[in-house]
file protein.csv (CSV, C-alpha atoms)
chain,number,residue,atom,x,y,z
M,30,MET,CA,-43.5,-6.7,-68.7
M,31,GLU,CA,-43.5,-10.3,-67.5
M,32,ASN,CA,-40.0,-11.5,-66.4
M,33,LYS,CA,-39.5,-14.4,-68.7
M,34,THR,CA,-36.1,-15.3,-67.1
M,35,ALA,CA,-37.7,-15.9,-63.6
M,36,ARG,CA,-37.9,-19.7,-64.3
M,37,LEU,CA,-36.9,-21.4,-67.5
M,38,TYR,CA,-39.2,-24.5,-67.2
M,39,PHE,CA,-37.9,-26.0,-70.5
M,40,ILE,CA,-34.5,-26.3,-68.9
M,41,ASP,CA,-35.8,-28.4,-66.1
M,42,ALA,CA,-37.7,-30.5,-68.6
M,43,ILE,CA,-34.6,-31.0,-70.7
M,44,ARG,CA,-32.7,-32.2,-67.6
M,45,ALA,CA,-35.6,-34.6,-66.8
M,46,TRP,CA,-35.5,-36.0,-70.3
M,47,ALA,CA,-31.7,-36.3,-70.2
M,48,ILE,CA,-31.6,-38.2,-66.8
M,49,LEU,CA,-34.4,-40.6,-68.0
M,50,MET,CA,-32.5,-41.2,-71.3
M,51,MET,CA,-29.4,-41.9,-69.2
M,52,LEU,CA,-31.2,-44.5,-67.1
M,53,GLN,CA,-32.5,-46.5,-70.0
M,54,GLY,CA,-29.2,-46.0,-71.9
M,55,HIS,CA,-27.1,-47.4,-69.0
M,56,PHE,CA,-29.5,-50.3,-68.5
M,57,ILE,CA,-29.8,-51.4,-72.1
M,58,ASP,CA,-26.1,-50.9,-72.9
M,59,GLY,CA,-25.0,-52.8,-69.8
M,60,LEU,CA,-27.4,-55.7,-70.1
M,61,LEU,CA,-28.2,-56.2,-73.8
M,62,ASP,CA,-26.6,-59.3,-75.3
M,63,PRO,CA,-23.9,-58.4,-77.9
M,64,ILE,CA,-25.5,-60.6,-80.5
M,65,PHE,CA,-28.3,-58.1,-80.8
M,66,ARG,CA,-26.0,-55.1,-81.2
M,67,ASP,CA,-26.4,-54.8,-85.0
M,68,ASN,CA,-25.6,-51.3,-86.4
M,69,ASN,CA,-27.5,-52.3,-89.6
M,70,ASN,CA,-30.6,-52.8,-87.6
M,71,THR,CA,-32.6,-49.5,-87.8
M,72,VAL,CA,-34.1,-49.6,-84.3
M,73,PHE,CA,-30.7,-50.3,-82.7
M,74,ALA,CA,-28.9,-47.6,-84.8
M,75,VAL,CA,-31.5,-45.0,-83.9
M,76,TRP,CA,-31.3,-46.0,-80.2
M,77,LYS,CA,-27.5,-45.8,-80.3
M,78,TYR,CA,-27.5,-42.4,-81.9
M,79,PHE,CA,-29.9,-40.9,-79.4
M,80,ARG,CA,-28.0,-42.5,-76.5
M,81,GLY,CA,-25.0,-40.5,-77.8
M,82,ILE,CA,-27.0,-37.3,-77.4
M,83,THR,CA,-27.6,-37.8,-73.7
M,84,ALA,CA,-24.2,-36.9,-72.2
M,85,PRO,CA,-23.7,-33.7,-74.3
M,86,VAL,CA,-27.2,-32.5,-73.4
M,87,PHE,CA,-26.6,-33.3,-69.7
M,88,PHE,CA,-23.3,-31.5,-69.5
M,89,THR,CA,-24.7,-28.5,-71.4
M,90,VAL,CA,-27.8,-28.2,-69.2
M,91,SER,CA,-25.7,-28.5,-66.1
M,92,GLY,CA,-23.4,-25.6,-67.2
M,93,PHE,CA,-26.4,-23.6,-68.2
M,94,ILE,CA,-28.3,-24.0,-64.9
M,95,PHE,CA,-25.3,-23.3,-62.7
M,96,THR,CA,-24.1,-20.3,-64.6
M,97,TYR,CA,-27.6,-18.9,-64.9
M,98,LEU,CA,-28.0,-18.9,-61.1
M,99,LEU,CA,-24.4,-17.8,-60.6
M,100,VAL,CA,-24.8,-14.5,-62.4
M,101,LYS,CA,-28.2,-13.9,-60.9
M,102,GLY,CA,-28.4,-10.6,-58.8
M,103,ASP,CA,-26.1,-7.7,-58.6
M,104,VAL,CA,-23.5,-9.0,-56.1
M,105,ARG,CA,-20.3,-10.0,-57.9
M,106,GLY,CA,-17.0,-11.8,-57.0
M,107,PHE,CA,-16.5,-13.7,-53.8
M,108,ASP,CA,-19.3,-11.8,-52.1
M,109,ASN,CA,-21.8,-13.6,-54.4
M,110,PRO,CA,-23.3,-16.3,-52.2
M,111,ARG,CA,-23.6,-18.6,-55.2
M,112,VAL,CA,-19.8,-18.9,-55.3
M,113,LYS,CA,-19.6,-20.6,-51.9
M,114,LYS,CA,-22.7,-22.7,-52.7
M,115,GLY,CA,-21.1,-23.7,-56.0
M,116,ILE,CA,-17.8,-24.7,-54.4
M,117,ARG,CA,-19.6,-26.8,-51.9
M,118,ARG,CA,-21.7,-28.4,-54.7
M,119,GLY,CA,-18.7,-29.1,-56.9
M,120,LEU,CA,-16.8,-30.8,-54.0
M,121,GLN,CA,-19.9,-32.7,-53.0
M,122,LEU,CA,-20.3,-34.1,-56.5
M,123,LEU,CA,-16.6,-35.2,-56.5
M,124,LEU,CA,-17.1,-36.9,-53.1
M,125,ILE,CA,-20.3,-38.6,-54.1
M,126,GLY,CA,-18.6,-39.7,-57.4
M,127,TYR,CA,-15.9,-41.5,-55.4
M,128,LEU,CA,-18.2,-42.9,-52.8
M,129,LEU,CA,-20.4,-44.5,-55.5
M,130,ARG,CA,-17.3,-46.3,-56.7
M,131,MET,CA,-16.3,-47.5,-53.3
M,132,ASN,CA,-16.6,-51.2,-52.5
M,133,PHE,CA,-16.8,-51.8,-48.8
M,134,LEU,CA,-16.3,-55.5,-49.2
M,135,GLY,CA,-12.9,-54.7,-50.7
M,136,LEU,CA,-12.1,-52.4,-47.8
M,137,LEU,CA,-12.8,-55.2,-45.4
M,138,HIS,CA,-9.9,-57.1,-47.1
M,139,GLY,CA,-7.7,-54.0,-47.0
M,140,GLU,CA,-8.0,-53.3,-50.7
M,141,ILE,CA,-9.1,-50.4,-52.8
M,142,TYR,CA,-10.0,-51.6,-56.3
M,143,ASP,CA,-8.8,-49.7,-59.4
M,144,SER,CA,-12.4,-48.9,-60.4
M,145,PHE,CA,-12.5,-46.5,-57.4
M,146,TYR,CA,-10.2,-44.2,-59.3
M,147,LEU,CA,-12.2,-44.1,-62.5
M,148,VAL,CA,-13.8,-40.8,-63.5
M,149,ASP,CA,-17.5,-40.6,-64.3
M,150,VAL,CA,-20.1,-37.9,-65.1
M,151,LEU,CA,-20.3,-36.6,-61.5
M,152,HIS,CA,-16.6,-36.0,-61.2
M,153,CYS,CA,-16.6,-34.1,-64.5
M,154,ILE,CA,-19.6,-32.0,-63.6
M,155,GLY,CA,-18.1,-31.3,-60.2
M,156,PHE,CA,-14.9,-30.0,-61.8
M,157,SER,CA,-16.9,-28.2,-64.4
M,158,ILE,CA,-18.7,-26.2,-61.7
M,159,LEU,CA,-15.4,-25.4,-60.0
M,160,GLY,CA,-14.0,-24.4,-63.4
M,161,ILE,CA,-16.9,-22.1,-64.2
M,162,ILE,CA,-16.6,-20.5,-60.8
M,163,THR,CA,-12.9,-19.9,-61.4
M,164,LEU,CA,-13.6,-18.2,-64.7
M,165,TYR,CA,-16.4,-16.1,-63.1
M,166,LEU,CA,-14.1,-14.9,-60.3
M,167,LEU,CA,-11.3,-14.0,-62.8
M,168,THR,CA,-13.7,-11.9,-64.9
M,169,SER,CA,-16.1,-10.6,-62.3
M,170,GLN,CA,-14.4,-7.2,-62.1
M,171,ARG,CA,-14.0,-6.8,-65.8
M,172,ASN,CA,-16.2,-6.0,-68.7
M,173,HIS,CA,-19.3,-8.2,-68.6
M,174,ARG,CA,-18.7,-9.4,-72.2
M,175,ILE,CA,-15.4,-11.1,-71.3
M,176,LEU,CA,-17.0,-14.1,-69.4
M,177,PRO,CA,-19.3,-15.2,-72.3
M,178,LEU,CA,-16.5,-14.8,-74.8
M,179,LEU,CA,-14.2,-16.8,-72.6
M,180,LEU,CA,-16.7,-19.6,-72.1
M,181,LEU,CA,-17.4,-19.8,-75.9
M,182,GLY,CA,-13.6,-19.6,-76.6
M,183,ILE,CA,-12.9,-22.5,-74.2
M,184,THR,CA,-15.5,-24.6,-75.9
M,185,LEU,CA,-14.1,-24.0,-79.4
M,186,VAL,CA,-10.5,-24.6,-78.3
M,187,LEU,CA,-11.3,-27.9,-76.5
M,188,PHE,CA,-13.4,-29.2,-79.4
M,189,VAL,CA,-11.0,-28.1,-82.2
M,190,PHE,CA,-7.8,-29.4,-80.6
M,191,GLU,CA,-9.3,-32.6,-79.2
M,192,PRO,CA,-7.5,-34.7,-81.8
M,193,ALA,CA,-4.2,-33.2,-80.6
M,194,TYR,CA,-4.6,-34.0,-76.9
M,195,LYS,CA,-6.8,-37.1,-76.8
M,196,ASN,CA,-3.8,-39.5,-77.3
M,197,LEU,CA,-1.4,-37.7,-75.0
M,198,GLN,CA,0.2,-40.0,-72.4
M,199,TRP,CA,-0.3,-39.1,-68.8
M,200,SER,CA,1.1,-42.3,-67.2
M,201,TRP,CA,3.7,-40.1,-65.3
M,202,LEU,CA,0.8,-38.8,-63.1
M,203,PRO,CA,-0.7,-40.7,-60.2
M,204,GLN,CA,-3.7,-42.7,-61.4
M,205,LEU,CA,-6.0,-40.6,-59.3
M,206,PHE,CA,-5.2,-37.6,-61.6
M,207,GLU,CA,-4.4,-39.5,-64.7
M,208,ASN,CA,-7.9,-40.8,-65.0
M,209,TYR,CA,-9.3,-37.2,-65.4
M,210,LEU,CA,-7.2,-36.8,-68.6
M,211,THR,CA,-7.4,-40.2,-70.3
M,212,LYS,CA,-9.7,-43.1,-70.9
M,213,ALA,CA,-6.8,-45.5,-71.1
M,214,ASN,CA,-7.5,-47.0,-67.6
M,215,GLY,CA,-11.3,-47.2,-68.1
M,216,SER,CA,-12.7,-43.8,-67.2
M,217,VAL,CA,-16.1,-43.1,-68.8
M,218,PHE,CA,-15.5,-39.4,-69.1
M,219,THR,CA,-12.6,-37.0,-69.0
M,220,ILE,CA,-12.4,-33.3,-68.1
M,221,PHE,CA,-11.4,-32.5,-71.6
M,222,PRO,CA,-13.3,-32.2,-73.9
M,223,TRP,CA,-16.5,-32.6,-71.8
M,224,PHE,CA,-15.8,-29.3,-69.9
M,225,GLY,CA,-16.4,-27.7,-73.3
M,226,TYR,CA,-20.1,-28.6,-73.2
M,227,ALA,CA,-20.5,-27.2,-69.7
M,228,THR,CA,-18.8,-23.9,-70.7
M,229,PHE,CA,-21.1,-23.8,-73.8
M,230,GLY,CA,-24.1,-24.2,-71.5
M,231,GLY,CA,-22.8,-21.3,-69.5
M,232,PHE,CA,-22.4,-19.2,-72.6
M,233,LEU,CA,-26.0,-20.0,-73.6
M,234,SER,CA,-27.3,-19.1,-70.1
M,235,LEU,CA,-25.6,-15.7,-70.3
M,236,LEU,CA,-27.4,-15.1,-73.6
M,237,PHE,CA,-30.7,-15.8,-71.9
M,238,ARG,CA,-29.8,-13.5,-69.0
M,239,ARG,CA,-29.0,-10.8,-71.5
M,240,PHE,CA,-31.9,-11.1,-73.9
M,241,GLY,CA,-34.5,-13.1,-71.9
M,242,THR,CA,-36.9,-10.3,-71.4
M,243,PHE,CA,-37.1,-9.4,-75.1
M,244,ARG,CA,-40.6,-9.8,-76.5
M,245,HIS,CA,-39.7,-12.2,-79.3
M,246,VAL,CA,-36.9,-14.0,-77.5
M,247,TYR,CA,-38.3,-17.5,-77.9
M,248,PRO,CA,-39.1,-17.3,-81.7
M,249,VAL,CA,-35.6,-15.9,-82.3
M,250,ALA,CA,-34.0,-18.5,-80.0
M,251,ILE,CA,-35.8,-21.4,-81.6
M,252,LEU,CA,-35.0,-20.4,-85.2
M,253,SER,CA,-31.4,-19.7,-84.2
M,254,ALA,CA,-31.1,-23.1,-82.5
M,255,VAL,CA,-32.6,-25.0,-85.4
M,256,ALA,CA,-30.3,-23.2,-87.9
M,257,MET,CA,-27.1,-23.6,-85.8
M,258,GLY,CA,-28.0,-27.3,-85.0
M,259,SER,CA,-28.6,-28.1,-88.7
M,260,LEU,CA,-25.4,-26.4,-89.8
M,261,LEU,CA,-23.3,-28.2,-87.2
M,262,ILE,CA,-24.8,-31.6,-88.0
M,263,PHE,CA,-24.8,-31.5,-91.7
M,264,TYR,CA,-22.1,-29.0,-92.7
M,265,SER,CA,-19.5,-28.6,-90.0
M,266,SER,CA,-17.4,-31.6,-91.2
M,267,ASP,CA,-17.2,-30.1,-94.7
M,268,PHE,CA,-16.4,-26.7,-93.3
M,269,PHE,CA,-13.4,-28.1,-91.4
M,270,LEU,CA,-12.2,-30.0,-94.4
M,271,TRP,CA,-12.4,-26.8,-96.5
M,272,ILE,CA,-10.4,-24.9,-93.9
M,273,SER,CA,-7.8,-27.7,-93.8
M,274,LYS,CA,-7.4,-27.7,-97.6
M,275,THR,CA,-7.5,-23.9,-98.0
M,276,PHE,CA,-4.9,-23.1,-95.3
M,277,ASP,CA,-3.1,-26.4,-95.1
M,278,ILE,CA,-3.8,-26.9,-91.4
M,279,GLN,CA,-3.7,-30.6,-90.3
M,280,ILE,CA,-5.7,-30.1,-87.1
M,281,PHE,CA,-8.8,-29.2,-89.0
M,282,ALA,CA,-8.4,-32.4,-91.2
M,283,ASP,CA,-8.2,-34.4,-88.0
M,284,VAL,CA,-11.4,-32.8,-86.8
M,285,PHE,CA,-13.1,-33.7,-90.1
M,286,PHE,CA,-12.2,-37.4,-89.7
M,287,ASN,CA,-13.8,-37.6,-86.2
M,288,ASN,CA,-16.2,-34.7,-85.9
M,289,TYR,CA,-18.4,-36.0,-83.1
M,290,LEU,CA,-18.0,-33.1,-80.8
M,291,PHE,CA,-19.5,-30.4,-83.1
M,292,ILE,CA,-22.1,-32.8,-84.5
M,293,ARG,CA,-23.3,-33.6,-80.9
M,294,LEU,CA,-23.3,-29.9,-80.2
M,295,GLY,CA,-25.7,-29.5,-83.2
M,296,ASP,CA,-27.9,-32.2,-81.6
M,297,VAL,CA,-27.9,-30.2,-78.3
M,298,PHE,CA,-29.1,-27.1,-80.3
M,299,LEU,CA,-32.0,-29.2,-81.8
M,300,VAL,CA,-32.9,-30.6,-78.4
M,301,PHE,CA,-33.0,-27.0,-77.0
M,302,ALA,CA,-35.2,-25.9,-79.9
M,303,LEU,CA,-37.7,-28.8,-79.4
M,304,PHE,CA,-38.1,-28.1,-75.7
M,305,MET,CA,-38.4,-24.4,-76.2
M,306,MET,CA,-41.2,-25.0,-78.8
M,307,ALA,CA,-43.0,-27.2,-76.2
M,308,ARG,CA,-42.2,-24.9,-73.3
M,309,ASN,CA,-45.9,-24.1,-72.6
M,310,VAL,CA,-46.8,-27.7,-72.1
M,311,LEU,CA,-43.7,-28.6,-70.0
M,312,LYS,CA,-44.9,-27.3,-66.7
M,313,ASN,CA,-46.1,-30.7,-65.3
M,314,LYS,CA,-45.1,-30.7,-61.6
M,315,THR,CA,-43.8,-34.3,-61.7
M,316,LEU,CA,-41.7,-33.7,-64.8
M,317,LEU,CA,-40.2,-30.5,-63.3
M,318,LYS,CA,-39.5,-32.3,-60.1
M,319,ILE,CA,-37.7,-35.1,-61.9
M,320,GLY,CA,-35.5,-32.4,-63.5
M,321,GLN,CA,-34.7,-31.0,-60.1
M,322,SER,CA,-33.9,-34.4,-58.6
M,323,THR,CA,-31.3,-35.6,-61.1
M,324,LEU,CA,-28.6,-36.2,-58.4
M,325,SER,CA,-30.8,-38.4,-56.3
M,326,ILE,CA,-31.9,-40.3,-59.4
M,327,TYR,CA,-28.3,-40.8,-60.5
M,328,ILE,CA,-27.2,-42.1,-57.1
M,329,ILE,CA,-30.1,-44.6,-56.8
M,330,HIS,CA,-29.6,-45.9,-60.4
M,331,PHE,CA,-25.9,-46.3,-59.8
M,332,ILE,CA,-26.4,-48.3,-56.6
M,333,ILE,CA,-29.1,-50.6,-58.1
M,334,LEU,CA,-27.4,-51.1,-61.5
M,335,TYR,CA,-23.7,-51.1,-60.7
M,336,GLY,CA,-23.9,-52.3,-57.1
M,337,SER,CA,-22.1,-49.4,-55.3
M,338,PHE,CA,-20.7,-50.2,-51.9
M,339,THR,CA,-21.3,-54.0,-52.2
M,340,GLY,CA,-20.6,-54.8,-55.9
M,341,LEU,CA,-23.9,-56.6,-56.0
M,342,GLY,CA,-25.8,-54.8,-58.7
M,343,ILE,CA,-27.9,-55.9,-61.7
M,344,TYR,CA,-24.9,-55.3,-63.9
M,345,ARG,CA,-22.9,-58.0,-62.1
M,346,PHE,CA,-25.5,-60.8,-62.7
M,347,PHE,CA,-26.9,-59.9,-66.1
M,348,HIS,CA,-24.0,-58.1,-67.9
M,349,HIS,CA,-24.5,-58.4,-71.7
M,350,ALA,CA,-26.8,-61.4,-71.2
M,351,VAL,CA,-30.3,-60.2,-71.8
M,352,PRO,CA,-32.3,-60.3,-75.0
M,353,PRO,CA,-34.3,-57.2,-76.4
M,354,PHE,CA,-37.7,-58.5,-75.4
M,355,VAL,CA,-36.6,-58.6,-71.8
M,356,VAL,CA,-34.2,-55.6,-71.7
M,357,ILE,CA,-36.6,-53.1,-73.2
M,358,PRO,CA,-39.5,-53.5,-70.7
M,359,GLY,CA,-36.8,-53.9,-68.0
M,360,ALA,CA,-35.4,-50.5,-68.9
M,361,MET,CA,-38.9,-49.0,-68.6
M,362,LEU,CA,-39.3,-50.5,-65.1
M,363,PHE,CA,-35.8,-49.5,-64.1
M,364,MET,CA,-36.6,-45.8,-65.1
M,365,LEU,CA,-39.9,-45.9,-63.2
M,366,GLY,CA,-38.4,-47.5,-60.1
M,367,CYS,CA,-35.4,-45.2,-59.8
M,368,THR,CA,-37.5,-42.1,-60.4
M,369,TYR,CA,-40.1,-43.2,-57.9
M,370,LEU,CA,-37.6,-43.9,-55.2
M,371,ALA,CA,-35.8,-40.6,-55.9
M,372,LEU,CA,-39.0,-38.5,-55.7
M,373,ARG,CA,-40.0,-40.3,-52.5
M,374,TYR,CA,-36.6,-39.5,-51.1
M,375,GLU,CA,-36.9,-35.8,-52.1
M,376,ASP,CA,-40.4,-35.6,-50.4
M,377,ARG,CA,-38.9,-36.9,-47.2
M,378,LYS,CA,-35.4,-35.6,-47.5
M,379,VAL,CA,-35.5,-33.3,-44.5
M,380,ALA,CA,-36.9,-36.0,-42.2
M,381,ILE,CA,-34.4,-38.6,-43.6
M,382,LYS,CA,-31.5,-36.3,-43.1
M,383,GLY,CA,-32.7,-35.5,-39.6
M,384,ASN,CA,-33.0,-39.1,-38.7
M,385,ILE,CA,-29.5,-39.8,-40.1
M,386,ALA,CA,-28.1,-36.9,-38.1
M,387,ILE,CA,-29.7,-38.4,-34.9
M,388,VAL,CA,-28.3,-41.8,-35.6
M,389,LEU,CA,-24.8,-40.4,-36.3
M,390,GLN,CA,-25.1,-38.4,-33.1
M,391,LEU,CA,-26.0,-41.5,-31.1
M,392,CYS,CA,-23.2,-43.4,-32.8
M,393,TRP,CA,-20.7,-40.7,-32.0
M,394,SER,CA,-21.9,-40.6,-28.4
M,395,LYS,CA,-21.4,-44.3,-28.1
M,396,ILE,CA,-17.9,-44.0,-29.7
M,397,GLU,CA,-17.0,-41.3,-27.2
M,398,GLN,CA,-18.1,-43.6,-24.3
M,399,VAL,CA,-16.1,-46.4,-25.6
M,400,PHE,CA,-13.0,-44.2,-26.0
M,401,ALA,CA,-13.5,-42.9,-22.5
M,402,ILE,CA,-13.6,-46.5,-21.2
M,403,LEU,CA,-10.5,-47.4,-23.2
M,404,ILE,CA,-8.6,-44.4,-22.0
M,405,GLU,CA,-9.4,-45.2,-18.4
M,406,ALA,CA,-8.4,-48.8,-19.0
M,407,ILE,CA,-5.1,-47.7,-20.6
M,408,LYS,CA,-4.4,-45.3,-17.7
M,409,THR,CA,-5.1,-48.1,-15.1
M,410,ILE,CA,-2.8,-50.5,-17.0
M,411,ALA,CA,-0.1,-47.9,-17.4
M,412,VAL,CA,-0.2,-47.0,-13.7
M,413,ARG,CA,0.0,-50.6,-12.7
M,414,LEU,CA,3.0,-51.2,-15.0
M,415,LEU,CA,4.8,-48.1,-13.5
M,416,ARG,CA,4.2,-49.5,-10.0
M,417,LEU,CA,5.6,-52.8,-10.9
M,418,ILE,CA,8.8,-51.3,-12.2
M,419,GLY,CA,9.0,-48.8,-9.3
M,420,PHE,CA,8.3,-45.6,-11.1
M,421,ALA,CA,5.0,-44.9,-9.3
M,422,LYS,CA,4.0,-45.1,-5.7
M,423,GLY,CA,1.1,-47.2,-4.5

call {"tool": "encode", "arguments": {"input": "protein.csv", "output": "structure tokens"}}
result
Amino acid sequence: MENKTARLYFIDAIRAWAILMMLQGHFIDGLLDPIFRDNNNTVFAVWKYFRGITAPVFFTVSGFIFTYLLVKGDVRGFDNPRVKKGIRRGLQLLLIGYLLRMNFLGLLHGEIYDSFYLVDVLHCIGFSILGIITLYLLTSQRNHRILPLLLLGITLVLFVFEPAYKNLQWSWLPQLFENYLTKANGSVFTIFPWFGYATFGGFLSLLFRRFGTFRHVYPVAILSAVAMGSLLIFYSSDFFLWISKTFDIQIFADVFFNNYLFIRLGDVFLVFALFMMARNVLKNKTLLKIGQSTLSIYIIHFIILYGSFTGLGIYRFFHHAVPPFVVIPGAMLFMLGCTYLALRYEDRKVAIKGNIAIVLQLCWSKIEQVFAILIEAIKTIAVRLLRLIGFAKG
């Protein structure tokens, strides 16, 4: 029988779609003049709703892909090579997240701006990867059912209790850590509740690992995703209100009044269903390569739009100042440009990294030479001083 879990092309396609939606979302939201942000306008309302789908899909797919690869093979625990790779990847995303918010012009003035400490999607995905690895290691020697149940349980707890912890005060923490737990200082994302989408993606990946080789896996998965997505979007709010009234539990009433997490999870289900239905036509090499190059695309878009390192990005010069007839084609060009540059980089990544390594090696060699000269100069000056005061012979 064909191994249907060898490569889930629809997952790469979802990731490609999510990163492209993120590009246009950031561009339009950052540049569109507020006078055109009319929620009563059907076009703007539809765009705004679909923009809200992007982040939940991206986090879910990230958790799915990482967990799917993590449990691949028979090696478990620390001996699993994916553990070390995952730890490196998580730390790499954290590092890149901070570097993209670094302003070198500020450093030249001896100042680190507060924006450097803000938490964005890369920080949260990096921590999510490290969190999933931790859960995997804690359960690797136990029953194989514990990990999926734990992942699903964490999602439910984070989503249900979000009204209870979202307004907690964390000002007693250093700002570096506080920003992972609150948006009060301007963070775009926080670890909680967004880790919940990553853990749910991990839960879904384990289902695919378990049932992926079944003959009718896709028809069942598609019908299940459509059913769950519809229930969450249209009936989850009423369900939480019913629980609150029946058992007199306030937390469920709080969820009812701001039930965006479960509704967005329903959107994620429907996106998965659509891409699974179209899986046989989603094997275009360019599309799949975009899905595999999301980090490069993200970095390039951040530099161009927000002006990483210099502060001189499109956002600085055209923030909330562009009309729709300019911002819409601009967003299309922005998506094409960032994607093109990222794919060109991926094609030449080995050569580029090799050239960078050569340059760094040459720089280090020059630095060593300069240090050697400085050390010799310091020694010469020190000896002369000692001679002058009589502590050294001529």

call {"tool": "residues_around", "arguments": {"input": "protein.csv", "residues": "Arg66 of chain M", "least_positions_apart": "2", "cutoff": "12 Å", "atoms": "all atoms listed in the file", "output": "list in words"}}
result
Ile57, Asp58, Gly59, Leu60, Leu61, Asp62, Pro63, Ile64, Asn68, Asn69, Asn70, Thr71, Val72, Phe73, Ala74, Val75, Trp76, Lys77, His349, Ala350, Val351, Pro352 and Pro353 of chain M

call {"tool": "residues_around", "arguments": {"input": "protein.csv", "residues": "segment 185-197 of chain M", "least_positions_apart": "6", "cutoff": "10 Å", "atoms": "only C-alpha atoms", "output": "list in words"}}
result
Leu179, Leu210, Thr211, Lys212, Ala213, Thr219, Phe221, Pro222, Trp223, Phe224, Gly225, Tyr226, Thr228, Phe229, Phe269, Ile280, Phe281, Ala282, Asp283, Val284, Phe285, Phe286, Asn287, Asn288, Tyr289, Leu290, Phe291 and Leu294 of chain M

call {"tool": "closest_residue", "arguments": {"input": "protein.csv", "among": "M:Leu147, M:Leu372, M:Cys367, M:Val412", "to": "Lys318 of chain M", "atoms": "only C-alpha atoms"}}
result
M:Leu372

call {"tool": "atom_distance", "arguments": {"input": "protein.csv", "atom1": "atom CA of Leu316 of chain M", "atom2": "atom CA of Ala42 of chain M"}}
result
6.4 Å

call {"tool": "atom_distance", "arguments": {"input": "protein.csv", "atom1": "atom CA of His173 of chain M", "atom2": "atom CA of Gly241 of chain M"}}
result
16.3 Å

call {"tool": "atom_distance", "arguments": {"input": "protein.csv", "atom1": "atom CA of Ala360 of chain M", "atom2": "atom CA of Ala84 of chain M"}}
result
17.9 Å

call {"tool": "closest_atom_pairs", "arguments": {"input": "protein.csv", "of": "segment 41-101 of chain M", "to": "segment 323-331 of chain M", "cutoff": "12 Å", "atoms": "only C-alpha atoms", "output": "JSON lines"}}
result
{"residue": "M:Asp41", "atom": "CA", "partner": "M:Thr323", "partner_atom": "CA", "distance": 9.9}
{"residue": "M:Ala42", "atom": "CA", "partner": "M:Thr323", "partner_atom": "CA", "distance": 11.1}
{"residue": "M:Ile43", "atom": "CA", "partner": "M:Thr323", "partner_atom": "CA", "distance": 11.1}
{"residue": "M:Arg44", "atom": "CA", "partner": "M:Thr323", "partner_atom": "CA", "distance": 7.5}
{"residue": "M:Ala45", "atom": "CA", "partner": "M:Thr323", "partner_atom": "CA", "distance": 7.2}
{"residue": "M:Trp46", "atom": "CA", "partner": "M:Thr323", "partner_atom": "CA", "distance": 10.1}
{"residue": "M:Ala47", "atom": "CA", "partner": "M:Thr323", "partner_atom": "CA", "distance": 9.1}
{"residue": "M:Ile48", "atom": "CA", "partner": "M:Thr323", "partner_atom": "CA", "distance": 6.3}
{"residue": "M:Leu49", "atom": "CA", "partner": "M:Ile326", "partner_atom": "CA", "distance": 9.0}
{"residue": "M:Met50", "atom": "CA", "partner": "M:Tyr327", "partner_atom": "CA", "distance": 11.6}
{"residue": "M:Met51", "atom": "CA", "partner": "M:Tyr327", "partner_atom": "CA", "distance": 8.8}
{"residue": "M:Leu52", "atom": "CA", "partner": "M:His330", "partner_atom": "CA", "distance": 7.0}
{"residue": "M:Gln53", "atom": "CA", "partner": "M:His330", "partner_atom": "CA", "distance": 10.0}
{"residue": "M:Gly54", "atom": "CA", "partner": "M:His330", "partner_atom": "CA", "distance": 11.5}
{"residue": "M:His55", "atom": "CA", "partner": "M:His330", "partner_atom": "CA", "distance": 9.1}
{"residue": "M:Phe56", "atom": "CA", "partner": "M:His330", "partner_atom": "CA", "distance": 9.2}
{"residue": "M:Gly59", "atom": "CA", "partner": "M:Phe331", "partner_atom": "CA", "distance": 12.0}
{"residue": "M:Phe87", "atom": "CA", "partner": "M:Thr323", "partner_atom": "CA", "distance": 10.1}
{"residue": "M:Val90", "atom": "CA", "partner": "M:Thr323", "partner_atom": "CA", "distance": 11.5}
{"residue": "M:Ser91", "atom": "CA", "partner": "M:Thr323", "partner_atom": "CA", "distance": 10.3}

call {"tool": "closest_residue", "arguments": {"input": "protein.csv", "among": "M:Ile82, M:Ser234, M:Gly155, M:Leu128", "to": "Leu176 of chain M", "atoms": "all atoms listed in the file"}}
result
M:Ser234

call {"tool": "residues_around", "arguments": {"input": "protein.csv", "residues": "segment 156-170 of chain M", "least_positions_apart": "6", "cutoff": "9 Å", "atoms": "only C-alpha atoms", "output": "compact mmCIF listing (two decimals) with C-alpha atoms, in the frame of the given file"}}
result
# COMPACT_ATOMS: atom_id res chain seq x y z
CA PHE M 88 -23.30 -31.50 -69.50
CA SER M 91 -25.70 -28.50 -66.10
CA GLY M 92 -23.40 -25.60 -67.20
CA PHE M 95 -25.30 -23.30 -62.70
CA THR M 96 -24.10 -20.30 -64.60
CA LEU M 99 -24.40 -17.80 -60.60
CA VAL M 100 -24.80 -14.50 -62.40
CA ARG M 105 -20.30 -10.00 -57.90
CA GLY M 106 -17.00 -11.80 -57.00
CA PHE M 107 -16.50 -13.70 -53.80
CA VAL M 112 -19.80 -18.90 -55.30
CA GLY M 115 -21.10 -23.70 -56.00
CA ILE M 116 -17.80 -24.70 -54.40
CA ARG M 118 -21.70 -28.40 -54.70
CA GLY M 119 -18.70 -29.10 -56.90
CA LEU M 120 -16.80 -30.80 -54.00
CA LEU M 122 -20.30 -34.10 -56.50
CA LEU M 123 -16.60 -35.20 -56.50
CA LEU M 176 -17.00 -14.10 -69.40
CA LEU M 179 -14.20 -16.80 -72.60
CA LEU M 180 -16.70 -19.60 -72.10
CA ILE M 220 -12.40 -33.30 -68.10
CA TRP M 223 -16.50 -32.60 -71.80
CA PHE M 224 -15.80 -29.30 -69.90
CA GLY M 225 -16.40 -27.70 -73.30
CA ALA M 227 -20.50 -27.20 -69.70
CA THR M 228 -18.80 -23.90 -70.70
CA GLY M 231 -22.80 -21.30 -69.50
